[in-house]
Amino acid sequence: MKKIILQRRFLISSISSAAVIAIAAIAIITALPSSALAQQNPAPSTVNCNASSTWVSNPSLPGDVQNTDNCSFQQYMWQAMLYLVQPVATGSKVLQFETFMPSYGIFVDPGKTPTPWGKVPKPTYCKGPSTLKQNLKQNYVFSNLTLQAGVGQPLIDKSLNRVFYGVAVNKPSYDFITGCGLYQAQCSLSLAPDLVDPVGYKVVDIPALYPNLEFPTGAMQLKTAWKILTADELAGKTFYSTKGSVQAPDKNCMENVDLGLVGMHIVSKTPTQPEFIWGTFEHRNNAPYCSTTGAKPPLGGNWTFYNPNCTGGNCTPNHYAEGKATQVCTMHPWGDPTIGTMPNNLNCSSTPPPGYICDPDTQKFVIQPSTANLQALDLSVQKMLAALPAGDANKLWANYSLVGNVWTAKGTLPPSMQVQVGSLSGANNSMETYVQNGVSNIQNPYNCFSCHNQDGKSRGQSLSEAIKVQLPPAGLSHIFNLLNLKTKGCSTGVLPSNAMCAANGGPKK
């Protein structure tokens, strides 16, 4: 079984009028003029959603969203991002997010225990002579993950290199996974809907035994996307860059490279949002909008994943071809399902139109506030960072945009479409390139909750035959798809009985 992060998503039914009213109560804002939506750079807006200079002068990780309005959720995510990219100490080159424990430090080989928190794990997936010649550092990236969410296909850059992905968690997440034994396959395989239980493999039936099992408040998980930088890209200094070792499927071992950050998912559980808040950032030069592929890159230079001079049969946007560079474009800017390319050439003028996203109340109270606030805050963050003194490292982060953010009204679970708020078609063009309109390009809206929705499978059945069961809230995270299936644990058929598990829906002591 290949270790990949999958983000399968499913078609969700239309919303009821009662649900629309419930969502409408939490966010009301004026509509953004349609002319502004087509801009690669946001146009000036009258919407009042602003950044705070304290996010860089006195950075802190917000404990929760301050208010229930849409702007507050966007501000929460930007504040979190700018905290995570601060040095851990004055003069340090290690950033806060680089202290998170990577997945390979948790889901270890049989007979081994997870890397202790605060230590830097050494990956074990390299079986040949390593080319790594330097000491391990906390901000050194290792990755052999190249397959994208939903389709299991890689993103290929212009140099014909794959984009590499990393998954990491903060200490509350780490303590929960390790304390409950969930790093072992027999303990947590029922939380991994994309992995098939091996025949005769006895696993803990978590949905039945612990229906309330959940990550603790304050848990955060990150997924990062990295490209191998060319000499010109490295010299251009528009990317956050780091040294790394990566292993492509056709390589026997790791290669030392310079990596540039092209995307980041931030997933955060707060006291009022147990479903997690799902935000995603992109480098602003990744790709143009599909509707305006002739636009110039906002940071100058060239698009990272789009070649305007592409000719021949391999130029179809967002289409994977083995050994060919992927032509990427953004199908739904700002995660707005009403703009961009809908499946089957439908739009809100079609007869009949796509029901949910074309409903006037859905547009007014759910979709338009998200688009307007994302754009307004993006401009405000850029302005705030541009005003910093020359040489301030924070100026680099103006090269990234929060392009999608989704949560549920009042933290409702399960996160069905009827309660979703924010970027209903939110997707990262470096991580969900091929599923921006859903698997097989037939679904819209389509976002993180289309996959992270507590849908599980019955133990011991194949994916095609599985009877769906509802996972506990811990199943919202698909980090368990990285389990090493050879690991044992939980031989008694239950999770460990300890304070960590007991406090988060596990067995009581």
# chains A, B, ... in the order shown; residues from 1 in each chain; ligands from 1
$ closest_atom_pairs --of "segment 163-265 of chain A" --to "segment 90-106 of chain A" --cutoff "6 Å" --atoms "only C-alpha atoms" --output "JSON lines"
{"residue": "A:Val167", "atom": "CA", "partner": "A:Ser103", "partner_atom": "CA", "distance": 5.6}
{"residue": "A:Ala168", "atom": "CA", "partner": "A:Pro102", "partner_atom": "CA", "distance": 4.0}
{"residue": "A:Val169", "atom": "CA", "partner": "A:Phe100", "partner_atom": "CA", "distance": 5.2}
{"residue": "A:Asn170", "atom": "CA", "partner": "A:Phe100", "partner_atom": "CA", "distance": 4.9}
$ write_last_selection --atoms "all heavy atoms" --output "JSON list (two decimals), in the first residue's frame"
[["chain", "number", "residue", "atom", "x", "y", "z"],
["A", 167, "VAL", "N", 3.51, 16.32, 5.74],
["A", 167, "VAL", "CA", 2.41, 16.35, 6.69],
["A", 167, "VAL", "C", 3.02, 16.40, 8.09],
["A", 167, "VAL", "O", 3.93, 15.62, 8.40],
["A", 167, "VAL", "CB", 1.51, 15.11, 6.56],
["A", 167, "VAL", "CG1", 0.37, 15.16, 7.57],
["A", 167, "VAL", "CG2", 0.96, 14.99, 5.14],
["A", 168, "ALA", "N", 2.54, 17.30, 8.92],
["A", 168, "ALA", "CA", 3.11, 17.46, 10.26],
["A", 168, "ALA", "C", 2.02, 17.92, 11.23],
["A", 168, "ALA", "O", 1.01, 18.50, 10.82],
["A", 168, "ALA", "CB", 4.27, 18.45, 10.24],
["A", 169, "VAL", "N", 2.25, 17.67, 12.52],
["A", 169, "VAL", "CA", 1.26, 18.01, 13.54],
["A", 169, "VAL", "C", 1.93, 18.75, 14.69],
["A", 169, "VAL", "O", 3.14, 18.62, 14.94],
["A", 169, "VAL", "CB", 0.55, 16.76, 14.09],
["A", 169, "VAL", "CG1", -0.11, 15.98, 12.96],
["A", 169, "VAL", "CG2", 1.52, 15.85, 14.86],
["A", 170, "ASN", "N", 1.12, 19.54, 15.44],
["A", 170, "ASN", "CA", 1.64, 20.22, 16.62],
["A", 170, "ASN", "C", 1.59, 19.29, 17.82],
["A", 170, "ASN", "O", 1.15, 18.14, 17.74],
["A", 170, "ASN", "CB", 0.90, 21.53, 16.86],
["A", 170, "ASN", "CG", -0.53, 21.33, 17.33],
["A", 170, "ASN", "OD1", -1.09, 20.23, 17.25],
["A", 170, "ASN", "ND2", -1.15, 22.40, 17.82]]
$ closest_atom_pairs --of "segment 140-189 of chain A" --to "segment 466-476 of chain A" --cutoff "10 Å" --atoms "only C-alpha atoms" --output "Markdown table"
| residue | atom | partner | partner_atom | distance |
| --- | --- | --- | --- | --- |
| A:Phe176 | CA | A:Ala474 | CA | 9.9 |
| A:Ile177 | CA | A:Ala474 | CA | 9.9 |
| A:Ser188 | CA | A:Gly475 | CA | 9.6 |
$ write_last_selection --atoms "N, CA, C and O atoms" --output "PDB file, in the first residue's frame"
ATOM      1  N   PHE A 176      -1.966  13.318  21.417  1.00  0.00           N
ATOM      2  CA  PHE A 176      -3.178  12.521  21.259  1.00  0.00           C
ATOM      3  C   PHE A 176      -2.890  11.241  20.475  1.00  0.00           C
ATOM      4  O   PHE A 176      -3.278  10.141  20.894  1.00  0.00           O
ATOM      5  N   ILE A 177      -2.214  11.365  19.348  1.00  0.00           N
ATOM      6  CA  ILE A 177      -1.946  10.200  18.504  1.00  0.00           C
ATOM      7  C   ILE A 177      -1.071   9.187  19.230  1.00  0.00           C
ATOM      8  O   ILE A 177      -1.351   7.982  19.232  1.00  0.00           O
ATOM      9  N   SER A 188      -5.699   2.093  15.046  1.00  0.00           N
ATOM     10  CA  SER A 188      -6.387   3.221  14.407  1.00  0.00           C
ATOM     11  C   SER A 188      -6.780   2.994  12.953  1.00  0.00           C
ATOM     12  O   SER A 188      -7.239   3.927  12.289  1.00  0.00           O
TER      13      SER A 188
END
$ closest_residue --among "A:Gln221, A:Ser268, A:Gln66, A:Asn405" --to "Thr371 of chain A" --atoms "only C-alpha atoms"
A:Asn405
$ select_by_dssp --residues "segment 152-263 of chain A" --states "alpha helix (DSSP H)" --output "list in words"
Lys171, Pro172, Ser173, Tyr174, Asp175, Phe176, Ile177, Thr178, Gly179, Ala185, Gln186, Cys187, Ser188, Ile206, Pro207, Ala208, Leu209, Ala231, Asp232, Glu233, Leu234, Ala235 and Gly236 of chain A
$ residues_around --residues "segment 298-306 of chain A" --least-positions-apart "6" --cutoff "8 Å" --atoms "only C-alpha atoms" --output "PyMOL selection string"
chain A and resi 40-41+157-158+238+284-288+325-329+399
$ select_by_dssp --residues "segment 383-433 of chain A" --states "strand (DSSP E or B)" --output "number ranges by chain"
A: 400-408, 420-422
$ closest_residue --among "A:Cys448, A:Ala185, A:Ile277, A:Leu84" --to "Val108 of chain A" --atoms "only C-alpha atoms"
A:Ala185
$ residues_around --residues "Trp407 of chain A" --least-positions-apart "3" --cutoff "10 Å" --atoms "only C-alpha atoms" --output "list in words"
Phe73, Gln273, Pro274, Glu275, Phe276, Ile277, Trp278, Gly279, Lys410, Gly411, Thr412, Pro415, Val419, Gln420, Val421, Gly422, Ser423, Leu424, Cys448 and Phe449 of chain A
$ residues_around --residues "Lys243 of chain A" --least-positions-apart "6" --cutoff "10 Å" --atoms "only C-alpha atoms" --output "list of chain:residue names"
A:Lys137, A:Asn139, A:Tyr140, A:Val141, A:Phe142, A:Ile228, A:Asn256, A:Val257, A:Asp258, A:Leu259, A:Gly260
$ residues_around --residues "Val403 of chain A" --least-positions-apart "5" --cutoff "9 Å" --atoms "only C-alpha atoms" --output "NGL selection string"
:A and (279-282 or 333-335 or 374-375 or 378 or 423 or 426-428)
$ closest_residue --among "A:Ser291, A:Pro308, A:Tyr210, A:Pro353" --to "Lys508 of chain A" --atoms "only C-alpha atoms"
A:Tyr210
$ closest_residue --among "A:Asn447, A:Gln382, A:Ser416, A:Ser143" --to "Ala51 of chain A" --atoms "only C-alpha atoms"
A:Gln382
$ closest_residue --among "A:Pro172, A:Pro110, A:Pro414, A:Pro352" --to "Gln186 of chain A" --atoms "only C-alpha atoms"
A:Pro110
$ atom_distance --atom1 "atom CA of Asn307 of chain A" --atom2 "atom CA of Met331 of chain A"
16.3 Å
$ residues_around --residues "Ala386 of chain A" --least-positions-apart "6" --cutoff "10 Å" --atoms "only C-alpha atoms" --output "list in words"
Ser380, Asp392, Asn394, Lys395, Leu396, Trp397 and Ala398 of chain A
$ closest_residue --among "A:Asp336, A:Pro445, A:Asp64, A:Leu82" --to "Pro369 of chain A" --atoms "only C-alpha atoms"
A:Asp336
